[in-house]
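A.B. asks: Structure file protein30.txt (compact mmCIF, C-alpha atoms) is given on the next line.
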# COMPACT_ATOMS: atom_id res chain seq x y z
CA MET V 1 -4.41 -20.30 -5.73
CA SER V 2 -2.21 -17.35 -4.97
CA ALA V 3 -5.50 -15.54 -4.46
CA SER V 4 -6.57 -18.08 -1.88
CA LEU V 5 -3.24 -17.78 -0.13
CA GLU V 6 -3.17 -13.99 -0.12
CA GLY V 7 -6.83 -13.75 0.66
CA ARG V 8 -9.15 -11.20 -0.89
CA ILE V 9 -11.72 -8.66 0.12
CA ASP V 10 -15.34 -9.17 -0.82
CA ILE V 11 -17.65 -6.19 -0.59
CA ARG V 12 -21.37 -6.90 -0.67
CA LEU V 13 -23.95 -4.14 -0.98
CA THR V 14 -27.64 -4.84 -0.48
CA ARG V 15 -30.10 -2.42 -2.10
CA GLN V 16 -33.71 -2.34 -1.01
CA GLY V 17 -35.65 -0.14 -3.42
CA THR V 18 -33.67 3.09 -3.37
CA ALA V 19 -32.09 2.52 0.03
CA LEU V 20 -28.80 0.85 0.83
CA ALA V 21 -29.91 -1.79 3.32
CA GLY V 22 -26.58 -3.45 3.96
CA VAL V 23 -22.83 -3.05 3.58
CA GLU V 24 -20.68 -6.09 4.30
CA ILE V 25 -16.92 -6.26 4.04
CA CYS V 26 -15.42 -9.74 4.30
CA SER V 27 -11.66 -10.17 4.28
CA SER V 28 -10.09 -13.59 3.90
CA ARG V 29 -6.57 -12.22 4.34
CA PRO V 30 -4.72 -14.72 6.53
CA LEU V 31 -2.66 -13.58 9.52
CA LEU V 32 0.65 -15.14 8.60
CA ALA V 33 3.10 -13.25 10.78
CA GLN V 34 3.31 -15.62 13.74
CA LYS V 35 3.47 -18.71 11.53
CA LEU V 36 6.17 -17.23 9.30
CA MET V 37 8.39 -15.63 11.88
CA ALA V 38 8.28 -17.77 15.03
CA GLY V 39 11.57 -19.51 15.74
CA ARG V 40 13.59 -17.44 13.28
CA GLY V 41 16.49 -15.15 14.09
CA PRO V 42 16.05 -11.40 13.48
CA ASP V 43 18.11 -11.29 10.25
CA GLU V 44 16.36 -14.30 8.83
CA ALA V 45 12.96 -12.80 9.71
CA ALA V 46 13.83 -9.55 7.93
CA ASP V 47 15.02 -11.37 4.80
CA LEU V 48 11.85 -13.43 4.75
CA ALA V 49 9.63 -10.37 5.15
CA GLY V 50 11.45 -8.68 2.27
CA LEU V 51 11.13 -11.72 0.09
CA ILE V 52 7.52 -12.75 0.50
CA PHE V 53 5.70 -9.42 0.35
CA SER V 54 5.49 -8.23 -3.23
CA LEU V 55 4.16 -4.66 -3.04
CA CYS V 56 5.68 -3.39 0.18
CA GLY V 57 8.68 -5.72 0.50
CA LYS V 58 11.09 -2.92 1.44
CA ALA V 59 8.75 -1.56 4.11
CA GLN V 60 8.13 -5.06 5.49
CA ARG V 61 11.84 -5.84 5.63
CA VAL V 62 12.64 -2.54 7.34
CA ALA V 63 9.76 -3.00 9.79
CA ALA V 64 11.03 -6.47 10.72
CA GLN V 65 14.60 -5.21 11.19
CA THR V 66 13.41 -2.24 13.23
CA ALA V 67 11.03 -4.23 15.47
CA CYS V 68 13.73 -6.80 16.26
CA GLU V 69 16.29 -4.07 16.98
CA ALA V 70 13.81 -2.36 19.30
CA ALA V 71 13.20 -5.68 21.07
CA ARG V 72 16.95 -5.87 21.72
CA ASP V 73 17.17 -2.18 22.61
CA MET V 74 19.50 -1.57 19.69
CA GLU V 75 19.60 1.34 17.24
CA PRO V 76 20.80 1.20 13.65
CA ALA V 77 23.87 3.15 12.53
CA PRO V 78 23.01 6.53 10.94
CA ASP V 79 23.94 5.38 7.43
CA VAL V 80 21.77 2.28 7.79
CA ARG V 81 18.84 4.37 8.98
CA GLN V 82 19.35 6.78 6.08
CA ARG V 83 19.34 3.97 3.52
CA ARG V 84 16.19 2.49 4.99
CA GLU V 85 14.36 5.82 4.98
CA LEU V 86 15.23 6.29 1.31
CA GLU V 87 14.18 2.77 0.34
CA VAL V 88 10.83 3.12 2.09
CA ARG V 89 10.14 6.46 0.40
CA VAL V 90 11.08 5.17 -3.05
CA GLU V 91 8.73 2.21 -2.62
CA LEU V 92 5.97 4.51 -1.38
CA ALA V 93 6.42 6.78 -4.40
CA GLN V 94 6.16 3.88 -6.84
CA GLU V 95 2.95 2.68 -5.25
CA HIS V 96 1.41 6.18 -5.32
CA ALA V 97 2.39 6.53 -8.98
CA TRP V 98 0.80 3.15 -9.72
CA ARG V 99 -2.52 4.33 -8.23
CA LEU V 100 -2.48 7.62 -10.12
CA LEU V 101 -1.20 6.39 -13.50
CA LEU V 102 -2.65 2.89 -13.70
CA ASN V 103 -5.58 2.07 -11.38
CA TRP V 104 -7.37 5.40 -11.51
CA PRO V 105 -7.14 5.81 -15.31
CA GLU V 106 -8.30 2.22 -15.81
CA GLN V 107 -11.32 2.84 -13.61
CA ALA V 108 -12.14 5.98 -15.54
CA GLY V 109 -11.91 4.11 -18.85
CA ARG V 110 -8.61 5.75 -19.81
CA ALA V 111 -5.37 4.12 -20.93
CA PRO V 112 -2.88 3.67 -18.08
CA ASP V 113 0.57 5.22 -18.47
CA MET V 114 2.75 2.11 -18.31
CA PRO V 115 5.89 3.66 -19.87
CA SER V 116 6.10 6.25 -17.07
CA LEU V 117 5.72 3.60 -14.37
CA PHE V 118 8.35 1.49 -16.10
CA LYS V 119 10.82 4.40 -16.14
CA LEU V 120 10.43 4.85 -12.37
CA ARG V 121 10.96 1.16 -11.68
CA GLN V 122 14.17 1.19 -13.71
CA VAL V 123 15.86 3.67 -11.35
CA ALA V 124 14.28 2.45 -8.09
CA ALA V 125 17.61 1.15 -6.74
CA GLU V 126 19.24 4.60 -6.98
CA PRO V 127 17.47 7.20 -4.84
CA ALA V 128 19.23 10.21 -6.41
CA ARG V 129 18.31 9.17 -9.96
CA PHE V 130 14.86 8.19 -8.76
CA ALA V 131 14.32 11.68 -7.32
CA ASP V 132 15.30 13.22 -10.68
CA ALA V 133 13.11 10.80 -12.66
CA LEU V 134 10.16 11.42 -10.36
CA GLU V 135 10.55 15.18 -10.62
CA THR V 136 10.62 14.95 -14.42
CA LEU V 137 7.59 12.67 -14.40
CA LEU V 138 5.67 15.06 -12.16
CA GLN V 139 6.59 18.07 -14.25
CA THR V 140 6.01 16.63 -17.70
CA VAL V 141 3.37 13.94 -17.22
CA MET V 142 1.43 14.35 -13.99
CA LEU V 143 1.29 18.05 -13.11
CA GLY V 144 2.36 19.84 -16.27
CA GLU V 145 4.44 22.24 -14.18
CA ALA V 146 7.22 22.13 -11.61
CA PRO V 147 6.13 20.33 -8.41
CA ALA V 148 7.06 23.37 -6.30
CA ALA V 149 4.80 25.61 -8.40
CA TRP V 150 1.95 23.14 -8.24
CA LEU V 151 2.32 22.69 -4.47
CA GLY V 152 2.17 26.48 -4.12
CA ARG V 153 -1.25 26.75 -5.76
CA GLU V 154 -3.77 28.27 -3.40
CA GLY V 155 -7.40 29.22 -3.41
CA ASP V 156 -8.80 28.59 -6.88
CA GLY V 157 -5.39 27.55 -8.17
CA PHE V 158 -6.05 23.84 -7.79
CA ASP V 159 -9.44 24.05 -9.50
CA THR V 160 -7.91 26.05 -12.35
CA TRP V 161 -5.29 23.33 -12.75
CA ARG V 162 -7.72 20.41 -12.81
CA GLN V 163 -10.12 22.19 -15.12
CA SER V 164 -7.29 23.02 -17.50
CA GLY V 165 -6.96 19.32 -18.30
CA ALA V 166 -3.23 19.88 -18.66
CA THR V 167 -2.43 16.25 -17.86
CA LEU V 168 -4.18 12.91 -17.53
CA VAL V 169 -4.17 13.31 -13.74
CA ALA V 170 -5.67 16.80 -14.00
CA GLU V 171 -8.39 15.39 -16.25
CA LEU V 172 -9.12 12.64 -13.74
CA PHE V 173 -9.58 15.24 -11.00
CA ALA V 174 -11.76 17.31 -13.32
CA GLY V 175 -13.83 14.19 -13.94
CA LEU V 176 -14.77 14.10 -10.26
CA GLY V 177 -16.98 17.15 -10.85
CA ASP V 178 -17.63 20.05 -8.51
CA GLY V 179 -20.06 18.51 -6.04
CA PRO V 180 -19.54 16.57 -2.83
CA ASP V 181 -16.77 13.97 -2.82
CA THR V 182 -17.73 10.31 -3.36
CA GLY V 183 -17.29 7.89 -0.49
CA VAL V 184 -16.86 10.28 2.39
CA SER V 185 -15.57 8.83 5.66
CA HIS V 186 -15.71 10.60 9.02
CA CYS V 187 -13.62 7.94 10.73
CA THR V 188 -10.88 9.09 13.05
CA LEU V 189 -7.60 9.44 11.19
CA LEU V 190 -4.74 7.37 12.51
CA PRO V 191 -2.02 9.83 13.59
CA ALA V 192 1.01 10.18 11.34
CA LEU V 193 4.03 8.27 12.60
CA ALA V 194 5.70 11.38 14.01
CA ASP V 195 2.60 12.21 16.09
CA LEU V 196 2.10 8.81 17.73
CA ASP V 197 2.51 9.09 21.50
CA ASP V 198 4.23 6.42 23.56
CA ALA V 199 1.21 5.47 25.69
CA SER V 200 -0.94 4.83 22.62
CA VAL V 201 1.84 2.86 20.98
CA ARG V 202 2.22 0.65 24.04
CA ALA V 203 -1.52 0.04 24.12
CA LEU V 204 -1.49 -0.92 20.42
CA ALA V 205 1.43 -3.29 20.88
CA ARG V 206 -0.18 -4.93 23.90
CA GLN V 207 -3.44 -5.46 22.04
CA ALA V 208 -1.64 -6.86 19.01
CA LEU V 209 0.29 -9.32 21.18
CA ASP V 210 -2.52 -10.32 23.52
CA GLU V 211 -5.71 -10.30 21.44
CA PRO V 212 -5.62 -12.72 18.53
CA SER V 213 -8.32 -10.90 16.59
CA PHE V 214 -6.83 -7.41 16.92
CA CYS V 215 -4.49 -7.62 13.91
CA ALA V 216 -7.41 -8.62 11.65
CA ALA V 217 -9.64 -5.72 12.77
CA PRO V 218 -7.56 -3.12 14.59
CA ILE V 219 -9.05 -0.19 16.46
CA TRP V 220 -7.54 3.07 17.61
CA GLN V 221 -8.67 4.44 20.98
CA GLY V 222 -11.84 2.40 20.86
CA GLU V 223 -12.81 3.02 17.23
CA PRO V 224 -11.86 1.99 13.70
CA ALA V 225 -9.57 4.54 12.04
CA GLU V 226 -8.47 5.53 8.54
CA THR V 227 -4.82 5.46 7.56
CA GLY V 228 -2.96 6.45 4.39
CA ALA V 229 -1.77 9.58 2.64
CA VAL V 230 -5.02 11.37 3.53
CA ALA V 231 -4.25 10.92 7.25
CA ARG V 232 -0.69 12.17 6.80
CA LYS V 233 -1.50 15.18 4.59
CA VAL V 234 -4.78 16.28 6.17
CA ASP V 235 -3.28 19.60 7.29
CA HIS V 236 -1.93 20.57 3.86
CA SER V 237 -3.81 23.65 2.65
CA LEU V 238 -4.89 22.15 -0.70
CA LEU V 239 -6.24 19.01 0.93
CA ALA V 240 -7.81 20.88 3.85
CA ALA V 241 -9.64 23.11 1.36
CA TRP V 242 -10.90 20.09 -0.60
CA ILE V 243 -12.14 18.37 2.57
CA ALA V 244 -13.80 21.54 3.91
CA GLY V 245 -15.64 22.05 0.63
CA ARG V 246 -16.49 18.51 -0.43
CA GLY V 247 -15.75 16.04 2.34
CA ARG V 248 -13.05 13.44 2.82
CA GLY V 249 -13.76 10.89 0.11
CA ALA V 250 -12.15 9.25 -2.91
CA GLY V 251 -11.03 12.57 -4.41
CA ALA V 252 -9.42 13.65 -1.15
CA ARG V 253 -7.52 10.36 -0.96
CA GLN V 254 -6.18 10.74 -4.50
CA LEU V 255 -5.26 14.38 -3.87
CA ALA V 256 -3.36 13.35 -0.73
CA ARG V 257 -1.38 10.81 -2.81
CA LEU V 258 -0.55 13.41 -5.42
CA LEU V 259 0.54 15.92 -2.73
CA GLU V 260 2.88 13.36 -1.16
CA LEU V 261 4.25 12.37 -4.53
CA ALA V 262 4.85 16.01 -5.48
CA GLU V 263 6.83 16.53 -2.26
CA LEU V 264 8.87 13.35 -2.58
CA PRO V 265 11.69 14.49 -4.91
CA GLN V 266 12.56 17.19 -2.40
CA HIS V 267 12.25 14.82 0.57
CA LEU V 268 14.45 12.23 -1.13
CA ARG V 269 17.14 14.82 -1.85
CA ALA V 270 16.97 16.13 1.73
CA GLY V 271 17.30 12.54 2.95
CA LEU V 272 20.36 12.02 0.76
CA GLU V 273 22.03 15.19 2.03
CA SER V 274 21.21 15.30 5.70
CA GLY V 275 21.47 11.67 6.60
CA GLY V 276 17.74 11.57 6.87
CA ARG V 277 15.63 12.40 9.86
CA ALA V 278 13.45 9.55 11.05
CA GLU V 279 10.21 10.46 9.35
CA VAL V 280 8.88 7.29 7.83
CA ILE V 281 10.36 4.76 10.28
CA ARG V 282 10.08 4.70 14.07
CA ALA V 283 11.06 2.19 16.73
CA TRP V 284 9.72 1.64 20.24
CA PRO V 285 11.51 -0.68 22.65
CA LEU V 286 8.73 -2.13 24.83
CA GLY V 287 10.87 -3.89 27.45
CA ASP V 288 10.80 -7.60 28.24
CA ASN V 289 12.56 -8.38 24.92
CA ALA V 290 9.71 -6.88 22.92
CA GLY V 291 9.77 -4.05 20.39
CA MET V 292 7.53 -2.36 17.89
CA ALA V 293 8.25 -0.70 14.55
CA GLY V 294 6.09 1.72 12.61
CA VAL V 295 6.71 2.37 8.90
CA GLU V 296 4.74 4.75 6.69
CA THR V 297 3.77 3.06 3.43
CA SER V 298 1.70 4.13 0.48
CA ARG V 299 -1.39 2.48 1.99
CA GLY V 300 -0.80 3.79 5.48
CA LEU V 301 0.86 2.86 8.72
CA LEU V 302 2.48 -0.58 8.89
CA LEU V 303 3.21 -1.91 12.38
CA HIS V 304 5.36 -4.88 13.34
CA VAL V 305 5.60 -6.14 16.93
CA ALA V 306 8.25 -8.68 17.91
CA ARG V 307 9.00 -10.50 21.13
CA LEU V 308 12.27 -12.42 21.29
CA LYS V 309 13.34 -15.32 23.46
CA ASP V 310 16.93 -16.59 23.49
CA GLY V 311 17.67 -14.53 20.39
CA LYS V 312 14.82 -16.04 18.35
CA ILE V 313 11.37 -14.73 17.63
CA ALA V 314 8.78 -16.03 20.09
CA ASP V 315 5.85 -13.79 19.14
CA TYR V 316 5.35 -11.76 15.98
CA ARG V 317 2.45 -9.59 14.85
CA ILE V 318 1.86 -7.44 11.79
CA VAL V 319 -0.88 -4.81 11.73
CA ALA V 320 -1.13 -3.74 8.08
CA PRO V 321 -2.89 -0.68 6.60
CA THR V 322 -5.48 -2.75 4.72
CA GLU V 323 -6.83 -4.05 8.03
CA TRP V 324 -7.48 -0.50 9.28
CA ASN V 325 -9.12 0.79 6.12
CA PHE V 326 -11.13 -2.34 5.34
CA HIS V 327 -12.26 -2.96 8.92
CA PRO V 328 -15.88 -4.26 8.76
CA ALA V 329 -17.09 -1.08 10.50
CA GLY V 330 -14.27 1.22 9.39
CA PRO V 331 -13.59 3.86 6.73
CA LEU V 332 -14.71 1.81 3.73
CA ALA V 333 -17.92 0.67 5.42
CA GLN V 334 -18.72 4.24 6.33
CA ALA V 335 -17.82 5.55 2.87
CA LEU V 336 -20.00 2.95 1.12
CA SER V 337 -22.95 3.61 3.41
CA GLY V 338 -23.13 7.18 2.17
CA LEU V 339 -23.13 6.42 -1.57
CA ARG V 340 -26.12 7.46 -3.68
CA THR V 341 -28.06 4.39 -4.67
CA ASP V 342 -29.95 5.50 -7.77
CA VAL V 343 -27.16 5.48 -10.35
CA GLY V 344 -23.73 3.95 -10.69
CA LEU V 345 -23.63 2.35 -7.27
CA GLU V 346 -21.26 -0.46 -8.18
CA ALA V 347 -18.86 1.80 -10.07
CA ALA V 348 -18.82 4.25 -7.17
CA ALA V 349 -18.17 1.40 -4.73
CA ARG V 350 -15.19 0.33 -6.81
CA LEU V 351 -13.89 3.90 -7.03
CA VAL V 352 -14.10 4.24 -3.25
CA SER V 353 -12.54 0.83 -2.57
CA GLN V 354 -9.66 1.63 -4.92
CA SER V 355 -9.16 5.02 -3.26
CA LEU V 356 -8.54 3.13 0.00
CA ASP V 357 -6.28 0.79 -1.96
CA PRO V 358 -6.40 -2.75 -0.58
CA CYS V 359 -3.18 -4.68 -1.16
CA VAL V 360 -5.09 -7.74 -2.40
CA ALA V 361 -7.73 -8.32 -5.04
CA TYR V 362 -11.24 -7.19 -4.17
CA GLY V 363 -14.71 -7.64 -5.60
CA VAL V 364 -17.95 -5.67 -5.34
CA GLU V 365 -21.29 -7.47 -5.44
CA LEU V 366 -24.68 -5.76 -5.50
CA LEU V 367 -27.70 -7.66 -4.24
CA GLU V 368 -31.24 -6.37 -4.85
CA GLN V 369 -33.84 -7.10 -2.21
CA MET L 370 -0.48 -8.94 2.19
CA CYS L 371 0.33 -9.22 -1.43
CA LEU L 372 2.53 -12.31 -1.27
CA ALA L 373 5.37 -12.55 -3.76
CA ILE L 374 4.90 -16.05 -5.12
CA PRO L 375 7.14 -16.68 -8.16
CA ALA L 376 5.20 -17.72 -11.27
CA ARG L 377 6.98 -19.41 -14.20
CA VAL L 378 6.70 -17.79 -17.61
CA VAL L 379 5.51 -20.37 -20.13
CA GLU L 380 4.76 -18.16 -23.12
CA VAL L 381 5.73 -14.64 -24.18
CA ALA L 382 3.40 -13.02 -26.69
CA GLU L 383 3.35 -9.64 -28.43
CA ASN L 384 2.31 -6.37 -26.81
CA ASP L 385 4.07 -7.10 -23.51
CA LEU L 386 1.76 -10.01 -22.73
CA ALA L 387 2.71 -13.40 -21.33
CA ILE L 388 1.24 -16.54 -19.83
CA VAL L 389 2.53 -17.72 -16.48
CA ASP L 390 2.10 -20.97 -14.61
CA LEU L 391 1.55 -20.99 -10.88
CA GLY L 392 1.23 -24.48 -9.48
CA GLY L 393 -0.44 -25.77 -12.64
CA VAL L 394 -2.83 -22.85 -13.12
CA ARG L 395 -2.15 -20.58 -16.11
CA LYS L 396 -2.77 -16.86 -16.08
CA ASP L 397 -2.38 -13.98 -18.53
CA VAL L 398 -0.10 -11.23 -17.27
CA SER L 399 1.27 -7.95 -18.57
CA LEU L 400 5.06 -7.55 -18.84
CA ALA L 401 4.83 -3.77 -19.28
CA LEU L 402 6.65 -3.11 -15.98
CA VAL L 403 9.56 -5.53 -16.37
CA GLU L 404 12.15 -6.02 -19.07
CA GLY L 405 14.07 -8.91 -20.52
CA VAL L 406 11.62 -11.62 -19.52
CA ALA L 407 12.02 -14.93 -21.35
CA VAL L 408 10.22 -18.25 -21.23
CA GLY L 409 11.51 -20.17 -18.20
CA ASP L 410 12.05 -17.05 -16.08
CA TYR L 411 9.97 -16.47 -13.00
CA VAL L 412 8.03 -13.29 -12.25
CA ILE L 413 6.22 -11.93 -9.23
CA VAL L 414 2.67 -11.03 -10.27
CA HIS L 415 0.18 -8.60 -8.76
CA VAL L 416 -3.33 -8.23 -10.18
CA GLY L 417 -2.33 -9.08 -13.71
CA TYR L 418 1.02 -7.25 -13.85
CA ALA L 419 4.44 -8.82 -13.51
CA LEU L 420 6.31 -6.69 -10.96
CA THR L 421 9.73 -8.31 -10.77
CA ARG L 422 11.73 -10.77 -12.83
CA LEU L 423 13.58 -13.55 -11.01
CA ASP L 424 16.04 -15.97 -12.50
CA PRO L 425 15.20 -19.64 -11.87
CA GLU L 426 17.77 -19.90 -9.08
CA GLU L 427 16.32 -16.98 -7.11
CA ALA L 428 12.82 -18.26 -7.69
CA GLU L 429 13.68 -21.71 -6.42
CA LYS L 430 15.23 -20.22 -3.31
CA THR L 431 12.06 -18.20 -2.70
CA LEU L 432 9.78 -21.15 -3.34
CA ALA L 433 11.85 -23.33 -1.00
CA LEU L 434 11.62 -20.70 1.75
CA MET L 435 7.90 -20.40 1.26
CA ALA L 436 7.53 -24.18 1.36
CA GLU L 437 9.59 -24.29 4.54
CA ALA L 438 7.28 -21.70 6.09
CA GLY L 439 4.32 -23.89 5.17
CA LEU L 440 2.98 -21.44 2.62
CA MET L 441 3.03 -23.43 -0.57
CA GLU L 442 0.86 -26.29 0.66
CA GLN L 443 -1.71 -23.68 1.50
CA ALA L 444 -1.11 -21.92 -1.81
CA LEU L 445 -1.71 -25.05 -3.77
CA GLY L 446 -4.81 -25.90 -1.81
CA ALA L 447 -3.29 -29.00 -0.23
Spell out the structure here as structure tokens.
C.D. replies:
Amino acid sequence: MSASLEGRIDIRLTRQGTALAGVEICSSRPLLAQKLMAGRGPDEAADLAGLIFSLCGKAQRVAAQTACEAARDMEPAPDVRQRRELEVRVELAQEHAWRLLLNWPEQAGRAPDMPSLFKLRQVAAEPARFADALETLLQTVMLGEAPAAWLGREGDGFDTWRQSGATLVAELFAGLGDGPDTGVSHCTLLPALADLDDASVRALARQALDEPSFCAAPIWQGEPAETGAVARKVDHSLLAAWIAGRGRGAGARQLARLLELAELPQHLRAGLESGGRAEVIRAWPLGDNAGMAGVETSRGLLLHVARLKDGKIADYRIVAPTEWNFHPAGPLAQALSGLRTDVGLEAAARLVSQSLDPCVAYGVELLEQ
Amino acid sequence: MCLAIPARVVEVAENDLAIVDLGGVRKDVSLALVEGVAVGDYVIVHVGYALTRLDPEEAEKTLALMAEAGLMEQALGA
């Protein structure tokens, strides 16, 4: 029911002897944007986006507001922009925490930490309190030390931390072993929002508006691309060292999430003080009553494109992170193709799928040939 | 895209567990991430966890909007 409405992602692996003969990724996620938004006014569209999307409702609402403003060549007041930046970051933090304290432990056969997630949700409406609660959570539950100290670890410092088993998260990283990462992708990384150039943005918006299939299987400069924390944090020294030594797989994606989460209390406080630079939300007026918004979410870059006519939405497109990462020939397909086939193939496939974090239910099926 | 369809709580059990009804189909969910949920309330569910509690009025507003957008017919397989 709700599953059929939301769609799901079915991953089918075909093993022939010891070789992986096939990797298929089938998404039944419907493209609802045009149907939902057409004919509505900008405010109504934003309210609807906020209401119907459960995991990224804040990001969807902000993306709708921003895309419609860009279409009208308007800019939000500084205090409005600041509030939106904070809301998007708080939502992103909760989703990252969910992956690290619930999904990953469950996959590893450990008990999830529901009380910690609950505490964060309780203060989600107050960014200042949320920043404090997140910092405490990082220090006492996730890292076992102050985020600034953990972020400053260099060289062997990260390995020392994970091998210490100081926290559940450290133990989960230790459980990944010392060998190559699982589920390595070499796909191009989608640029972080701040690095997107105008020409590429215009090309993306045009494709989204003109090619009906683009939003279901987007490509970046001719190829599928990976988005998410790993694309945003790839230059961080801890993550760069992990990738150089082991490859960019499931462990790298979890490390990227933890790095972003560890930086978030400071970013939230800076956003509260300075009025917030535009770091997780960007707008591009496209002319001809069209505009595009980009919002960084936990799963990656969320794009909304709107074209207005007589003050109402005529065309609306959403390009969501799941469509980049679960593209039939994209990061997941590549990551699965490289898995070892002799032991634990299905479990590894689930680990890798979860590391790319689809926003709908998914299943892994192994066929023997 | 993780749609937020309100599901009605029909039974609250021990250990933060509950049963919800979504268009006639019953599902077990965890209430570990929400507080103060009672039978008759609505919750937004994602992969087995209730994310948000809605009072019946809010839920009806959401369901009406979804119906207006043509979502619920699809949701209920009509």
A.B. asks: Which neighbours of Val406 in chain L fall inside 10 Å, counting only C-alpha atoms, when residues of the same chain fewer than 2 positions from it are skipped, and could you give them as an mmCIF file with C-alpha atoms, in the coordinates of the input?
C.D. replies:
data_model
loop_
_atom_site.group_PDB
_atom_site.id
_atom_site.type_symbol
_atom_site.label_atom_id
_atom_site.label_comp_id
_atom_site.auth_asym_id
_atom_site.auth_seq_id
_atom_site.Cartn_x
_atom_site.Cartn_y
_atom_site.Cartn_z
ATOM 1 C CA VAL L 378 6.700 -17.790 -17.610
ATOM 2 C CA VAL L 381 5.730 -14.640 -24.180
ATOM 3 C CA ASP L 385 4.070 -7.100 -23.510
ATOM 4 C CA ALA L 387 2.710 -13.400 -21.330
ATOM 5 C CA LEU L 400 5.060 -7.550 -18.840
ATOM 6 C CA VAL L 403 9.560 -5.530 -16.370
ATOM 7 C CA GLU L 404 12.150 -6.020 -19.070
ATOM 8 C CA VAL L 408 10.220 -18.250 -21.230
ATOM 9 C CA GLY L 409 11.510 -20.170 -18.200
ATOM 10 C CA ASP L 410 12.050 -17.050 -16.080
ATOM 11 C CA TYR L 411 9.970 -16.470 -13.000
ATOM 12 C CA VAL L 412 8.030 -13.290 -12.250
ATOM 13 C CA ALA L 419 4.440 -8.820 -13.510
ATOM 14 C CA THR L 421 9.730 -8.310 -10.770
ATOM 15 C CA ARG L 422 11.730 -10.770 -12.830
ATOM 16 C CA LEU L 423 13.580 -13.550 -11.010
ATOM 17 C CA ASP L 424 16.040 -15.970 -12.500
#
A.B. asks: Taking the point (-1.1, -6.7, -14.5) as given in the file, collect each protein or nucleic acid residue that comes within 8 Å of it, counting only C-alpha atoms, and present the set as a list in words.
C.D. replies: Val398, Ser399, Leu400, Val414, His415, Val416, Gly417, Tyr418 and Ala419 of chain L
A.B. asks: Could you jot down the CA of Gly330 in chain V to CA of Cys215 in chain V separation for me, Å, one decimal place?
C.D. replies: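 So the two atoms, CA of Gly330 in chain V and CA of Cys215 in chain V, lie 13.9 Å apart.
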A.B. asks: Taking only C-alpha atoms into account, produce a table as a tab-separated table in which each residue of chain V with an atom at most 8 Å from an atom of chain L appears once, together with its shortest atom pair and the distance in Å to one decimal, ordered by chain and rising number.
C.D. replies:
residue	atom	partner	partner_atom	distance
V:Met1	CA	L:Ala444	CA	5.4
V:Ser2	CA	L:Ala444	CA	5.7
V:Ser4	CA	L:Ala444	CA	6.7
V:Leu5	CA	L:Ala444	CA	4.9
V:Glu6	CA	L:Leu372	CA	6.1
V:Arg29	CA	L:Met370	CA	7.2
V:Lys35	CA	L:Ala438	CA	7.3
V:Leu36	CA	L:Ala438	CA	5.6
V:Leu48	CA	L:Leu434	CA	7.9
V:Leu51	CA	L:Ala373	CA	7.0
V:Ile52	CA	L:Ala373	CA	4.8
V:Phe53	CA	L:Leu372	CA	4.6
V:Ser54	CA	L:Ala373	CA	4.4
V:Leu55	CA	L:Cys371	CA	6.2
V:Met114	CA	L:Ala401	CA	6.3
V:Pro115	CA	L:Ala401	CA	7.5
V:Leu117	CA	L:Leu402	CA	7.0
V:Phe118	CA	L:Leu402	CA	4.9
V:Arg121	CA	L:Leu402	CA	7.4
V:Ala320	CA	L:Met370	CA	7.9
V:Cys359	CA	L:Cys371	CA	5.7
V:Val360	CA	L:Cys371	CA	5.7
V:Ala361	CA	L:Val416	CA	6.8
A.B. asks: Looking at all atoms listed in the file, which of V:Asn325, V:Val201, V:Leu272, V:Ala335 is the one that sits closest to Asp79 in chain V?
C.D. replies: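 Selected residue with least distance to Asp79 in chain V: V:Leu272.
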A.B. asks: Would you kindly return, as a list in words, each protein, DNA or RNA residue with an atom no farther than 10 Å from any atom of Arg340 in chain V, considering all atoms listed in the file and excluding same-chain residues fewer than 2 positions away?
C.D. replies: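 So, after excluding close chain neighbours, the residues are Thr18, Ala19, Leu20, Thr182, Gly183, Leu336, Ser337, Gly338, Asp342, Val343, Gly344, Leu345 and Ala348 of chain V.
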A.B. asks: To one decimal place, how far is CA of Ile219 in chain V from CA of Trp324 in chain V in Å?
C.D. replies: 7.4 Å
A.B. asks: In Å, how far is it from CA of Glu296 in chain V to CA of Gly271 in chain V?
C.D. replies: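 Distance between the two atoms: 15.2 Å.
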A.B. asks: Using only C-alpha atoms, pick whichever of V:Arg89, V:Arg246, V:His236, V:His304 has the shortest atom-to-atom distance to Gly177 in chain V.
C.D. replies: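 Closest to Gly177 in chain V, using only C-alpha atoms: V:Arg246.
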A.B. asks: Tell me which of V:Arg72, V:Lys312, V:Arg84, V:Lys119 sits closest to Gln60 in chain V, counting all atoms listed in the file.
C.D. replies: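 Using all atoms listed in the file, Gln60 in chain V sits closest to V:Arg84.
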A.B. asks: For each of V:Gly179, V:Thr227, V:Leu351, V:Glu145, take the minimum atom-to-atom distance to Asn103 in chain V, counting all atoms listed in the file, then give the residue where this is smallest.
C.D. replies: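 Closest candidate: V:Leu351.
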A.B. asks: With all atoms listed in the file as the counted atoms, please give the residues lying no more than 10 Å from Asp310 in chain V, apart from itself and same-chain residues fewer than 6 positions off, as an MDAnalysis selection string.
C.D. replies: chainID V and resid 39 41 289
A.B. asks: Can I get the selection written as a compact mmCIF listing (two decimals), in the coordinates of the input, with C-alpha atoms?
C.D. replies:
# COMPACT_ATOMS: atom_id res chain seq x y z
CA GLY V 39 11.57 -19.51 15.74
CA GLY V 41 16.49 -15.15 14.09
CA ASN V 289 12.56 -8.38 24.92
A.B. asks: Env of Ser116 in chain V: 10 Å cut, atoms = all atoms listed in the file, seq-sep filter 4 positions within chain, self excluded. Answer as an MDAnalysis selection string.
C.D. replies: (chainID V and resid 97:98 101:102 112 120:121 133:134 137 141:142) or (chainID L and resid 402)
